>>> print(open('protein-v7.csv').read())   # CSV, C-alpha atoms and all ligand atoms
chain,number,residue,atom,x,y,z
A,27,PRO,CA,-259.3,71.7,-65.4
A,28,ALA,CA,-258.8,72.0,-61.7
A,29,THR,CA,-260.4,69.0,-60.0
A,30,ALA,CA,-262.3,69.0,-56.8
A,31,GLN,CA,-260.7,66.9,-54.0
A,32,GLY,CA,-261.7,65.5,-50.7
A,33,GLY,CA,-265.0,63.6,-50.9
A,34,GLY,CA,-267.1,65.4,-53.3
A,35,THR,CA,-269.5,68.3,-52.8
A,36,PRO,CA,-270.0,69.2,-49.1
A,37,PRO,CA,-273.6,69.2,-48.0
A,38,ALA,CA,-274.7,72.8,-48.6
A,39,GLY,CA,-277.4,74.1,-46.3
A,40,ASP,CA,-278.1,76.1,-43.3
A,41,ASP,CA,-276.1,73.9,-41.0
A,42,VAL,CA,-272.7,74.3,-42.7
A,43,ILE,CA,-270.3,77.1,-43.6
A,44,VAL,CA,-268.4,76.3,-46.8
A,45,LEU,CA,-264.8,77.5,-47.2
A,46,GLY,CA,-262.8,77.3,-50.4
A,47,GLU,CA,-259.2,76.1,-50.8
A,48,VAL,CA,-256.9,76.2,-53.8
A,49,GLY,CA,-253.6,74.4,-53.8
A,50,ALA,CA,-251.0,72.5,-55.8
A,51,LEU,CA,-251.8,68.8,-55.0
A,52,THR,CA,-250.0,67.7,-58.1
A,53,GLY,CA,-247.1,69.1,-60.2
A,54,GLY,CA,-243.8,70.7,-59.3
A,55,GLN,CA,-245.1,72.3,-56.1
A,56,ALA,CA,-247.2,69.4,-54.9
A,57,THR,CA,-245.7,69.1,-51.4
A,58,PHE,CA,-246.8,72.8,-50.8
A,59,GLY,CA,-250.4,72.0,-51.5
A,60,ILE,CA,-250.5,68.7,-49.7
A,61,SER,CA,-248.9,70.2,-46.5
A,62,SER,CA,-251.3,73.2,-46.7
A,63,ARG,CA,-254.3,71.0,-47.1
A,64,ASN,CA,-253.3,68.9,-44.1
A,65,GLY,CA,-252.8,72.0,-41.9
A,66,ILE,CA,-256.2,73.4,-42.9
A,67,ALA,CA,-257.9,70.1,-42.3
A,68,LEU,CA,-256.5,69.9,-38.8
A,69,ALA,CA,-257.7,73.5,-37.9
A,70,LEU,CA,-261.2,72.7,-39.2
A,71,LYS,CA,-261.3,69.4,-37.4
A,72,GLU,CA,-260.4,71.1,-34.1
A,73,ALA,CA,-262.9,73.9,-34.7
A,74,ASN,CA,-265.7,71.5,-35.4
A,75,ALA,CA,-264.9,69.4,-32.4
A,76,ALA,CA,-265.2,72.5,-30.3
A,77,GLY,CA,-268.7,73.1,-31.7
A,78,GLY,CA,-268.1,74.8,-35.0
A,79,VAL,CA,-269.0,78.5,-35.6
A,80,LYS,CA,-272.3,79.8,-34.4
A,81,GLY,CA,-273.6,76.3,-34.2
A,82,LYS,CA,-272.6,75.5,-37.8
A,83,LYS,CA,-270.1,72.9,-39.0
A,84,LEU,CA,-267.2,74.1,-41.1
A,85,VAL,CA,-266.5,72.3,-44.4
A,86,VAL,CA,-263.8,73.0,-47.0
A,87,ARG,CA,-264.0,72.5,-50.8
A,88,VAL,CA,-260.5,71.9,-52.2
A,89,TYR,CA,-259.4,72.3,-55.8
A,90,ASP,CA,-256.0,71.1,-57.2
A,91,ASP,CA,-254.5,73.7,-59.5
A,92,GLN,CA,-251.7,71.4,-60.7
A,93,SER,CA,-249.1,74.0,-59.8
A,94,LYS,CA,-250.5,76.3,-62.5
A,95,PRO,CA,-251.6,79.9,-62.0
A,96,GLU,CA,-254.3,79.7,-64.7
A,97,GLU,CA,-255.9,76.7,-63.0
A,98,ALA,CA,-255.7,78.4,-59.7
A,99,ALA,CA,-257.7,81.4,-61.1
A,100,GLN,CA,-260.3,79.1,-62.6
A,101,ALA,CA,-260.7,77.3,-59.4
A,102,VAL,CA,-261.5,80.6,-57.6
A,103,THR,CA,-264.2,81.3,-60.1
A,104,ARG,CA,-265.7,77.9,-59.5
A,105,LEU,CA,-265.5,78.2,-55.7
A,106,ILE,CA,-267.3,81.5,-55.9
A,107,THR,CA,-269.9,80.8,-58.6
A,108,GLN,CA,-270.7,77.1,-58.1
A,109,ASP,CA,-269.7,76.3,-54.5
A,110,LYS,CA,-270.7,79.6,-53.1
A,111,VAL,CA,-267.9,79.7,-50.6
A,112,VAL,CA,-267.7,82.6,-48.1
A,113,LEU,CA,-263.9,82.8,-48.0
A,114,ILE,CA,-260.9,81.3,-49.8
A,115,LEU,CA,-257.6,79.9,-48.5
A,116,GLY,CA,-254.6,79.7,-50.7
A,117,GLU,CA,-252.3,79.6,-52.7
A,118,VAL,CA,-248.7,79.0,-51.7
A,119,ALA,CA,-246.8,80.1,-54.9
A,120,SER,CA,-247.1,83.8,-55.3
A,121,SER,CA,-247.8,83.6,-59.1
A,122,SER,CA,-250.8,81.5,-58.3
A,123,SER,CA,-252.0,83.7,-55.5
A,124,LEU,CA,-251.7,86.7,-57.8
A,125,ALA,CA,-254.0,85.1,-60.4
A,126,MET,CA,-256.5,84.1,-57.7
A,127,ALA,CA,-256.5,87.5,-55.9
A,128,GLU,CA,-257.6,89.1,-59.1
A,129,LYS,CA,-260.8,87.0,-59.1
A,130,ALA,CA,-261.5,87.0,-55.4
A,131,GLN,CA,-261.1,90.8,-55.2
A,132,ALA,CA,-263.4,91.4,-58.2
A,133,ALA,CA,-266.1,89.2,-56.5
A,134,GLY,CA,-265.6,90.7,-53.1
A,135,VAL,CA,-264.8,87.3,-51.5
A,136,PRO,CA,-262.1,87.5,-48.9
A,137,MET,CA,-258.9,85.4,-49.6
A,138,ILE,CA,-256.2,84.6,-47.1
A,139,THR,CA,-252.9,83.3,-48.5
A,140,PRO,CA,-251.0,81.4,-45.8
A,141,SER,CA,-247.6,81.6,-47.4
A,142,SER,CA,-247.3,83.7,-50.6
A,143,THR,CA,-244.6,86.3,-49.8
A,144,ASN,CA,-244.6,88.5,-53.0
A,145,PRO,CA,-245.7,92.0,-51.9
A,146,SER,CA,-248.0,92.4,-55.0
A,147,VAL,CA,-250.4,89.7,-53.8
A,148,THR,CA,-252.1,91.8,-51.1
A,149,GLU,CA,-251.9,94.9,-53.2
A,150,LYS,CA,-254.6,93.3,-55.4
A,151,GLY,CA,-257.1,94.8,-53.1
A,152,ASP,CA,-258.8,95.1,-49.7
A,153,ASN,CA,-260.2,91.5,-49.7
A,154,ILE,CA,-256.7,89.9,-49.9
A,155,PHE,CA,-254.8,89.0,-46.8
A,156,ARG,CA,-251.8,87.0,-45.8
A,157,VAL,CA,-250.5,85.6,-42.5
A,158,CYS,CA,-246.8,85.5,-43.4
A,159,PHE,CA,-244.0,88.1,-43.9
A,160,ILE,CA,-243.2,89.6,-47.3
A,161,ASP,CA,-240.2,89.3,-49.5
A,162,PRO,CA,-238.6,92.7,-49.0
A,163,PHE,CA,-238.0,91.3,-45.5
A,164,GLN,CA,-237.1,87.8,-46.5
A,165,GLY,CA,-234.5,89.0,-49.1
A,166,PHE,CA,-233.0,91.2,-46.4
A,167,VAL,CA,-232.7,88.2,-44.0
A,168,MET,CA,-230.6,86.1,-46.4
A,169,ALA,CA,-228.5,89.1,-47.5
A,170,LYS,CA,-227.8,89.9,-43.8
A,171,PHE,CA,-227.0,86.2,-43.0
A,172,ALA,CA,-224.7,85.9,-46.0
A,173,ARG,CA,-222.8,89.0,-45.1
A,174,GLU,CA,-222.7,88.8,-41.3
A,175,ASN,CA,-222.8,85.1,-40.5
A,176,LEU,CA,-221.3,83.5,-43.6
A,177,LYS,CA,-219.0,86.6,-44.1
A,178,LEU,CA,-219.4,86.3,-47.9
A,179,ASN,CA,-218.2,89.1,-50.1
A,180,LYS,CA,-219.1,87.9,-53.6
A,181,VAL,CA,-222.3,86.1,-54.4
A,182,ALA,CA,-224.0,85.0,-57.7
A,183,VAL,CA,-227.8,84.7,-58.1
A,184,LEU,CA,-229.8,82.1,-60.1
A,185,GLN,CA,-233.4,83.1,-60.4
A,186,ASP,CA,-236.6,81.4,-61.8
A,187,ASN,CA,-237.9,83.9,-64.4
A,188,LYS,CA,-241.4,82.2,-64.4
A,189,SER,CA,-242.0,82.9,-60.7
A,190,ALA,CA,-243.1,86.3,-59.3
A,191,TYR,CA,-241.7,85.1,-56.0
A,192,SER,CA,-238.2,84.3,-57.4
A,193,ILE,CA,-238.0,87.5,-59.4
A,194,GLY,CA,-239.0,89.6,-56.4
A,195,LEU,CA,-236.6,87.9,-54.0
A,196,THR,CA,-233.8,88.3,-56.5
A,197,GLU,CA,-234.3,92.0,-56.7
A,198,VAL,CA,-234.4,92.5,-53.0
A,199,PHE,CA,-231.4,90.3,-52.3
A,200,ARG,CA,-229.3,92.0,-54.9
A,201,GLN,CA,-230.1,95.4,-53.5
A,202,LYS,CA,-229.7,94.5,-49.8
A,203,PHE,CA,-226.5,92.5,-50.3
A,204,ALA,CA,-224.9,95.4,-52.3
A,205,GLU,CA,-226.1,97.9,-49.6
A,206,MET,CA,-224.3,95.8,-47.0
A,207,GLY,CA,-221.1,96.1,-49.0
A,208,GLY,CA,-221.2,92.8,-50.8
A,209,LYS,CA,-220.8,92.3,-54.6
A,210,ILE,CA,-223.2,90.4,-56.9
A,211,THR,CA,-220.9,88.7,-59.5
A,212,VAL,CA,-223.7,87.8,-61.9
A,213,THR,CA,-227.5,87.0,-62.1
A,214,GLU,CA,-228.5,84.0,-64.3
A,215,SER,CA,-232.1,82.8,-65.0
A,216,TYR,CA,-233.9,79.6,-65.6
A,217,SER,CA,-237.6,78.7,-66.2
A,218,GLN,CA,-239.6,76.6,-63.8
A,219,GLY,CA,-239.7,73.0,-65.1
A,220,ASP,CA,-236.2,73.2,-66.7
A,221,THR,CA,-234.0,70.2,-66.1
A,222,ASP,CA,-230.6,71.4,-67.3
A,223,TYR,CA,-228.9,74.3,-65.6
A,224,ARG,CA,-225.4,73.6,-66.7
A,225,ALA,CA,-225.0,76.6,-69.0
A,226,GLN,CA,-226.1,79.0,-66.2
A,227,LEU,CA,-224.0,77.3,-63.6
A,228,THR,CA,-220.9,77.4,-65.9
A,229,ALA,CA,-221.4,81.1,-66.3
A,230,ILE,CA,-221.7,81.5,-62.6
A,231,LYS,CA,-218.6,79.4,-61.9
A,232,LYS,CA,-216.5,81.7,-64.1
A,233,THR,CA,-217.3,84.6,-61.8
A,234,GLN,CA,-215.8,82.7,-58.8
A,235,PRO,CA,-218.5,83.5,-56.3
A,236,GLU,CA,-218.3,82.5,-52.6
A,237,GLY,CA,-222.0,81.6,-52.5
A,238,ILE,CA,-225.0,81.3,-54.8
A,239,TYR,CA,-228.4,82.6,-54.0
A,240,VAL,CA,-231.1,80.4,-55.6
A,241,PRO,CA,-234.5,81.8,-54.6
A,242,GLY,CA,-236.6,79.1,-56.3
A,243,TYR,CA,-238.8,76.1,-55.5
A,244,TYR,CA,-237.6,72.7,-54.3
A,245,SER,CA,-238.2,70.8,-57.5
A,246,GLU,CA,-235.7,72.9,-59.4
A,247,VAL,CA,-233.3,73.7,-56.5
A,248,GLY,CA,-232.6,70.0,-55.8
A,249,VAL,CA,-231.5,69.4,-59.3
A,250,ILE,CA,-229.6,72.7,-59.4
A,251,ALA,CA,-227.6,71.6,-56.3
A,252,ARG,CA,-226.6,68.3,-58.0
A,253,GLN,CA,-225.5,70.0,-61.2
A,254,ALA,CA,-223.6,72.7,-59.4
A,255,ARG,CA,-221.6,70.1,-57.5
A,256,GLU,CA,-221.0,68.1,-60.7
A,257,LEU,CA,-219.5,71.2,-62.2
A,258,GLY,CA,-217.2,71.6,-59.3
A,259,LEU,CA,-219.1,74.5,-57.7
A,260,LYS,CA,-218.6,73.8,-54.0
A,261,VAL,CA,-219.7,77.0,-52.4
A,262,PRO,CA,-222.8,77.2,-50.2
A,263,LEU,CA,-226.2,77.6,-51.9
A,264,MET,CA,-228.7,80.0,-50.2
A,265,GLY,CA,-232.4,80.2,-50.7
A,266,GLY,CA,-235.8,81.2,-49.4
A,267,ASP,CA,-238.9,79.5,-48.1
A,268,GLY,CA,-239.5,77.9,-51.5
A,269,TRP,CA,-236.9,75.3,-50.5
A,270,ASP,CA,-239.1,73.9,-47.7
A,271,SER,CA,-240.0,70.4,-48.8
A,272,GLU,CA,-239.1,66.8,-48.0
A,273,LYS,CA,-238.5,66.4,-51.6
A,274,LEU,CA,-235.5,68.8,-51.5
A,275,PHE,CA,-233.4,66.1,-49.9
A,276,GLU,CA,-234.6,63.4,-52.2
A,277,LEU,CA,-233.7,65.5,-55.3
A,278,GLY,CA,-230.6,67.2,-54.0
A,279,GLY,CA,-229.1,64.3,-52.0
A,280,SER,CA,-225.8,65.2,-50.4
A,281,ALA,CA,-225.3,68.0,-53.0
A,282,ILE,CA,-227.6,70.2,-50.9
A,283,ASP,CA,-225.6,69.7,-47.7
A,284,GLY,CA,-224.1,72.8,-46.3
A,285,SER,CA,-226.7,75.1,-47.8
A,286,TYR,CA,-229.0,77.6,-46.0
A,287,PHE,CA,-232.5,79.0,-46.5
A,288,SER,CA,-234.8,81.4,-44.8
A,289,ASN,CA,-238.2,80.2,-43.5
A,290,HIS,CA,-241.2,81.0,-41.5
A,291,TYR,CA,-241.0,78.4,-38.8
A,292,SER,CA,-238.8,75.6,-37.5
A,293,PRO,CA,-240.2,72.4,-36.0
A,294,ASP,CA,-237.2,72.7,-33.5
A,295,ASN,CA,-239.1,75.5,-31.8
A,296,PRO,CA,-239.5,74.4,-28.1
A,297,ASP,CA,-242.6,76.6,-27.6
A,298,ALA,CA,-245.5,74.5,-26.0
A,299,ARG,CA,-248.0,75.7,-28.6
A,300,VAL,CA,-245.7,74.6,-31.4
A,301,LYS,CA,-245.0,71.3,-29.7
A,302,LYS,CA,-248.7,70.6,-29.4
A,303,PHE,CA,-249.4,71.4,-33.0
A,304,ILE,CA,-246.6,69.1,-34.1
A,305,ALA,CA,-247.9,66.2,-31.9
A,306,ASP,CA,-251.5,66.7,-33.2
A,307,TYR,CA,-250.3,66.9,-36.8
A,308,LYS,CA,-248.2,63.8,-36.5
A,309,ALA,CA,-251.1,61.9,-35.0
A,310,ASP,CA,-253.3,62.7,-38.0
A,311,TYR,CA,-250.7,62.3,-40.8
A,312,ASN,CA,-248.7,59.1,-40.1
A,313,GLY,CA,-246.0,60.7,-38.0
A,314,ALA,CA,-245.2,63.4,-40.6
A,315,VAL,CA,-243.5,66.5,-39.1
A,316,PRO,CA,-245.3,69.6,-40.3
A,317,ASP,CA,-243.3,71.9,-42.5
A,318,ALA,CA,-243.8,75.7,-42.7
A,319,LEU,CA,-246.6,75.3,-45.3
A,320,ALA,CA,-248.6,73.1,-42.9
A,321,ALA,CA,-248.0,75.5,-40.0
A,322,LEU,CA,-248.9,78.6,-42.0
A,323,ALA,CA,-252.0,77.0,-43.5
A,324,TYR,CA,-253.1,75.9,-40.0
A,325,ASP,CA,-252.7,79.5,-38.9
A,326,ALA,CA,-254.5,81.0,-41.9
A,327,ALA,CA,-257.4,78.7,-41.3
A,328,ARG,CA,-257.6,79.6,-37.6
A,329,VAL,CA,-257.5,83.3,-38.5
A,330,ALA,CA,-260.4,82.7,-40.9
A,331,ILE,CA,-262.3,80.7,-38.2
A,332,GLU,CA,-261.7,83.5,-35.7
A,333,ALA,CA,-263.1,86.1,-38.2
A,334,LEU,CA,-266.1,83.9,-38.9
A,335,LYS,CA,-266.8,83.8,-35.1
A,336,ASN,CA,-266.4,87.6,-34.7
A,337,ALA,CA,-268.2,88.8,-37.9
A,338,PRO,CA,-271.9,89.5,-37.6
A,339,ASP,CA,-272.6,87.4,-40.7
A,340,THR,CA,-270.7,85.6,-43.5
A,341,SER,CA,-271.0,88.3,-46.1
A,342,GLY,CA,-267.8,89.5,-47.8
A,343,PRO,CA,-267.7,92.9,-46.2
A,344,ALA,CA,-268.4,91.6,-42.7
A,345,LEU,CA,-265.7,88.9,-43.0
A,346,ARG,CA,-263.2,91.2,-44.6
A,347,ALA,CA,-263.6,93.7,-41.7
A,348,ALA,CA,-263.2,90.9,-39.1
A,349,ILE,CA,-260.1,89.5,-40.7
A,350,ALA,CA,-258.5,93.0,-40.9
A,351,LYS,CA,-258.9,93.3,-37.1
A,352,THR,CA,-256.6,90.3,-36.5
A,353,LYS,CA,-254.2,91.3,-33.7
A,354,ASP,CA,-251.7,89.3,-31.6
A,355,PHE,CA,-253.2,86.1,-32.9
A,356,PRO,CA,-251.2,83.2,-31.4
A,357,GLY,CA,-250.1,81.3,-34.5
A,358,VAL,CA,-247.8,78.3,-34.5
A,359,ALA,CA,-245.6,80.1,-37.0
A,360,GLY,CA,-245.5,83.2,-34.9
A,361,ASN,CA,-248.0,85.8,-33.6
A,362,ILE,CA,-250.1,87.4,-36.3
A,363,THR,CA,-251.0,91.1,-36.4
A,364,LEU,CA,-252.2,92.3,-39.8
A,365,ASP,CA,-251.0,95.8,-40.8
A,366,GLU,CA,-252.9,98.3,-42.9
A,367,LYS,CA,-251.6,96.6,-46.0
A,368,ARG,CA,-253.1,93.3,-44.8
A,369,ASN,CA,-249.7,91.7,-44.3
A,370,ALA,CA,-248.3,90.1,-41.2
A,371,VAL,CA,-245.0,91.4,-39.7
A,372,LYS,CA,-243.0,88.5,-38.3
A,373,SER,CA,-239.5,87.2,-37.7
A,374,ALA,CA,-237.8,84.7,-40.0
A,375,VAL,CA,-235.6,81.7,-39.2
A,376,VAL,CA,-232.5,80.6,-41.1
A,377,LEU,CA,-232.1,76.8,-41.4
A,378,LYS,CA,-229.1,74.8,-42.4
A,379,VAL,CA,-229.4,71.8,-44.7
A,380,ALA,CA,-227.3,68.7,-43.8
A,381,ASP,CA,-227.8,64.9,-43.8
A,382,GLY,CA,-231.2,64.9,-45.3
A,383,LYS,CA,-232.8,67.5,-42.9
A,384,SER,CA,-232.8,71.1,-42.1
A,385,THR,CA,-231.9,72.4,-38.7
A,386,TYR,CA,-232.5,75.7,-37.0
A,387,VAL,CA,-229.5,78.2,-37.0
A,388,THR,CA,-230.9,81.6,-36.1
A,389,THR,CA,-233.9,84.0,-36.0
A,390,ILE,CA,-233.8,87.3,-37.7
A,391,SER,CA,-236.4,90.0,-36.7
A,392,PRO,CA,-237.6,92.9,-38.8
B,401,LIG,N1,-243.3,82.2,-50.4
B,401,LIG,C1,-243.4,81.4,-51.5
B,401,LIG,C2,-244.1,82.2,-52.6
B,401,LIG,O1,-244.6,83.2,-52.4
B,401,LIG,C3,-244.2,80.1,-51.2
B,401,LIG,C4,-243.7,79.3,-50.1
B,401,LIG,C5,-243.9,79.6,-48.8
B,401,LIG,C6,-243.0,78.1,-50.3
B,401,LIG,C7,-243.4,78.8,-47.7
B,401,LIG,C8,-242.5,77.3,-49.3
B,401,LIG,C9,-242.7,77.7,-48.0
B,401,LIG,O2,-244.2,81.8,-53.7
>>> encode(input="protein-v7.csv", output="structure tokens")
Amino acid sequence: PATAQGGGTPPAGDDVIVLGEVGALTGGQATFGISSRNGIALALKEANAAGGVKGKKLVVRVYDDQSKPEEAAQAVTRLITQDKVVLILGEVASSSSLAMAEKAQAAGVPMITPSSTNPSVTEKGDNIFRVCFIDPFQGFVMAKFARENLKLNKVAVLQDNKSAYSIGLTEVFRQKFAEMGGKITVTESYSQGDTDYRAQLTAIKKTQPEGIYVPGYYSEVGVIARQARELGLKVPLMGGDGWDSEKLFELGGSAIDGSYFSNHYSPDNPDARVKKFIADYKADYNGAVPDALAALAYDAARVAIEALKNAPDTSGPALRAAIAKTKDFPGVAGNITLDEKRNAVKSAVVLKVADGKSTYVTTISP
């Protein structure tokens, strides 16, 4: 079962407001959950230092879902029934957020996902929000980059058929790339947790693509990159935000060099607000540079805190109405205005992977 993290049960009572958080602190998406937890903790620390909300201190109850959607759903039930949280932050992986959204919506407890990009997540109902862009845009971004910047004509796709995120991005990329005059040579699939991708990569190699779109998560993508190179596939790999992890470089080594992925934020951003966030995060987390997960989670927590300040009380309907009004909110991963579908409309960045790090290449706007 999902286990509670972070120092046991927070003191419930009149002097605190309890938020819930669900994340992957262990398993194949662990860096997503850890970065998100750090970003949220920093936002809460700052808000509490500034006096909290209406004289109350903010605390967060965190559950580890072990990178599993079923555990994420269970954690939401616990947060609502046992911990009596007023609002829930999470998840990162769209499949987990979909499972959570079902429960949060049914209970009327607002949920903000910092980083789940599959469109269906916020379609679960009017209590479900996100502070990031959605995949119909993200898929367009990489299709455009592949056609216009990399000048690719023929691309193969390798999707994770266990991830709502990967399936959705594959569909959009295929459609957009074809609309822009490109050809998809083949679409192959794997299942999250697989370790041998040679059969799919061999089939892909036969179609002689000029690039391979791999919209998966870092744990699998790193291994895929190595196996592709071993099989003599030297063309660039392309992906989405799911690549964003320190572990990508560890798993992929030099095999991942020369690849590109779309993302929400780049730490190379010279904006003063972003620089301050990076400095504060580094000070709290042993010099670690915040990734997009940390940045978006920090933003999601700050949107939640702002709503808590603006709402007349902490009931579900009051908080939901306050979150829905979010407009021009200055996030570190871009300004946030929520549309009528409770999604944020934002630009994306494309990053290039080389020498154990990713560097900013360009920004693509909706
Ligand atoms: N967008 C991914 C999903 O929906 C999650 C993710 C976001 C991963 C940002 C890394 C960085 O599943």
>>> residues_near_ligand(input="protein-v7.csv", ligand="ligand LIG 401 (chain B)", cutoff="6 Å", atoms="all atoms listed in the file", output="number ranges by chain")
A: 118-120, 141-144, 191, 267-268, 270, 318-319
>>> closest_atom_pairs(input="protein-v7.csv", of="range 278-303 of chain A", to="range 367-374 of chain A", cutoff="12 Å", atoms="all atoms listed in the file", output="Markdown table")
| residue | atom | partner | partner_atom | distance |
| --- | --- | --- | --- | --- |
| A:Phe287 | CA | A:Ala374 | CA | 10.1 |
| A:Ser288 | CA | A:Ala374 | CA | 6.6 |
| A:Asn289 | CA | A:Ala374 | CA | 5.7 |
| A:His290 | CA | A:Ala374 | CA | 5.2 |
| A:Tyr291 | CA | A:Ala374 | CA | 7.2 |
| A:Ser292 | CA | A:Ala374 | CA | 9.5 |
>>> atom_distance(input="protein-v7.csv", atom1="CA of Met264 in chain A", atom2="CA of Pro145 in chain A")
20.9 Å
>>> residues_around(input="protein-v7.csv", residues="Ala347 in chain A", least_positions_apart="2", cutoff="10 Å", atoms="only C-alpha atoms", output="list in words")
Pro136, Asp152, Asn153, Ala333, Asn336, Ala337, Gly342, Pro343, Ala344, Leu345, Ile349, Ala350, Lys351 and Thr352 of chain A
>>> closest_residue(input="protein-v7.csv", among="A:Val181, A:Val261, A:Val358, A:Ala251", to="Lys301 in chain A", atoms="all atoms listed in the file")
A:Val358
>>> closest_residue(input="protein-v7.csv", among="A:Ala67, A:Val42, A:Ala50, A:Ile230", to="Ser93 in chain A", atoms="only C-alpha atoms")
A:Ala50
>>> atom_distance(input="protein-v7.csv", atom1="CA of Arg87 in chain A", atom2="CA of Glu246 in chain A")
29.6 Å
>>> residues_around(input="protein-v7.csv", residues="Leu259 in chain A", least_positions_apart="2", cutoff="9 Å", atoms="all atoms listed in the file", output="compact mmCIF listing (two decimals) with C-alpha atoms, in the frame of the given file")
# COMPACT_ATOMS: atom_id res chain seq x y z
CA LEU A 227 -224.00 77.30 -63.60
CA THR A 228 -220.90 77.40 -65.90
CA ILE A 230 -221.70 81.50 -62.60
CA LYS A 231 -218.60 79.40 -61.90
CA GLN A 234 -215.80 82.70 -58.80
CA GLN A 253 -225.50 70.00 -61.20
CA ALA A 254 -223.60 72.70 -59.40
CA ARG A 255 -221.60 70.10 -57.50
CA GLU A 256 -221.00 68.10 -60.70
CA LEU A 257 -219.50 71.20 -62.20
CA VAL A 261 -219.70 77.00 -52.40
CA PRO A 262 -222.80 77.20 -50.20
>>> residues_around(input="protein-v7.csv", residues="Thr233 in chain A", least_positions_apart="6", cutoff="8 Å", atoms="only C-alpha atoms", output="JSON, numbers by chain")
{"A": [182, 211, 212]}
>>> residues_around(input="protein-v7.csv", residues="Tyr243 in chain A", least_positions_apart="4", cutoff="10 Å", atoms="only C-alpha atoms", output="compact mmCIF listing (two decimals) with C-alpha atoms, keeping the file's coordinate frame")
# COMPACT_ATOMS: atom_id res chain seq x y z
CA GLY A 54 -243.80 70.70 -59.30
CA GLN A 55 -245.10 72.30 -56.10
CA PHE A 58 -246.80 72.80 -50.80
CA ALA A 119 -246.80 80.10 -54.90
CA ASP A 186 -236.60 81.40 -61.80
CA SER A 189 -242.00 82.90 -60.70
CA TYR A 191 -241.70 85.10 -56.00
CA SER A 192 -238.20 84.30 -57.40
CA GLN A 218 -239.60 76.60 -63.80
CA VAL A 247 -233.30 73.70 -56.50
CA GLY A 248 -232.60 70.00 -55.80
CA GLY A 265 -232.40 80.20 -50.70
CA GLY A 266 -235.80 81.20 -49.40
CA ASP A 267 -238.90 79.50 -48.10
CA GLY A 268 -239.50 77.90 -51.50
CA TRP A 269 -236.90 75.30 -50.50
CA ASP A 270 -239.10 73.90 -47.70
CA SER A 271 -240.00 70.40 -48.80
CA LEU A 274 -235.50 68.80 -51.50
>>> atom_distance(input="protein-v7.csv", atom1="CA of Ala320 in chain A", atom2="CA of Gln164 in chain A")
19.0 Å
>>> closest_residue(input="protein-v7.csv", among="A:Ile154, A:Ala130, A:Ala326, A:Val315", to="Thr107 in chain A", atoms="only C-alpha atoms")
A:Ala130
>>> closest_residue(input="protein-v7.csv", among="A:Leu124, A:Val102, A:Val111, A:Cys158", to="Leu84 in chain A", atoms="only C-alpha atoms")
A:Val111
>>> closest_residue(input="protein-v7.csv", among="A:Ser215, A:Thr196, A:Met206, A:Asn295", to="Tyr239 in chain A", atoms="only C-alpha atoms")
A:Thr196
>>> closest_residue(input="protein-v7.csv", among="A:Thr148, A:Ser121, A:Asn179, A:Ser245", to="Lys94 in chain A", atoms="all atoms listed in the file")
A:Ser121
>>> decode(input="protein-v7.csv", residues="range 133-140 of chain A", atoms="N, CA, C and O atoms", output="compact mmCIF listing (two decimals), in the first residue's frame")
# COMPACT_ATOMS: atom_id res chain seq x y z
N ALA A 133 -15.29 12.98 -4.86
CA ALA A 133 -15.37 13.49 -3.49
C ALA A 133 -15.51 15.01 -3.44
O ALA A 133 -15.70 15.58 -2.36
N GLY A 134 -15.37 15.65 -4.59
CA GLY A 134 -15.47 17.11 -4.61
C GLY A 134 -14.29 17.82 -3.97
O GLY A 134 -14.41 18.94 -3.49
N VAL A 135 -13.13 17.16 -3.99
CA VAL A 135 -11.90 17.78 -3.45
C VAL A 135 -11.03 18.22 -4.63
O VAL A 135 -10.69 17.41 -5.49
N PRO A 136 -10.69 19.51 -4.71
CA PRO A 136 -9.90 19.99 -5.84
C PRO A 136 -8.53 19.32 -5.91
O PRO A 136 -7.91 19.04 -4.89
N MET A 137 -8.10 19.06 -7.14
CA MET A 137 -6.79 18.44 -7.39
C MET A 137 -6.08 19.27 -8.45
O MET A 137 -6.71 19.66 -9.44
N ILE A 138 -4.81 19.55 -8.22
CA ILE A 138 -4.02 20.25 -9.23
C ILE A 138 -2.85 19.35 -9.60
O ILE A 138 -2.01 19.03 -8.75
N THR A 139 -2.78 18.91 -10.86
CA THR A 139 -1.59 18.19 -11.29
C THR A 139 -0.60 19.22 -11.83
O THR A 139 -0.96 20.06 -12.65
N PRO A 140 0.64 19.16 -11.33
CA PRO A 140 1.64 20.10 -11.83
C PRO A 140 2.00 19.81 -13.28
O PRO A 140 2.22 20.74 -14.05
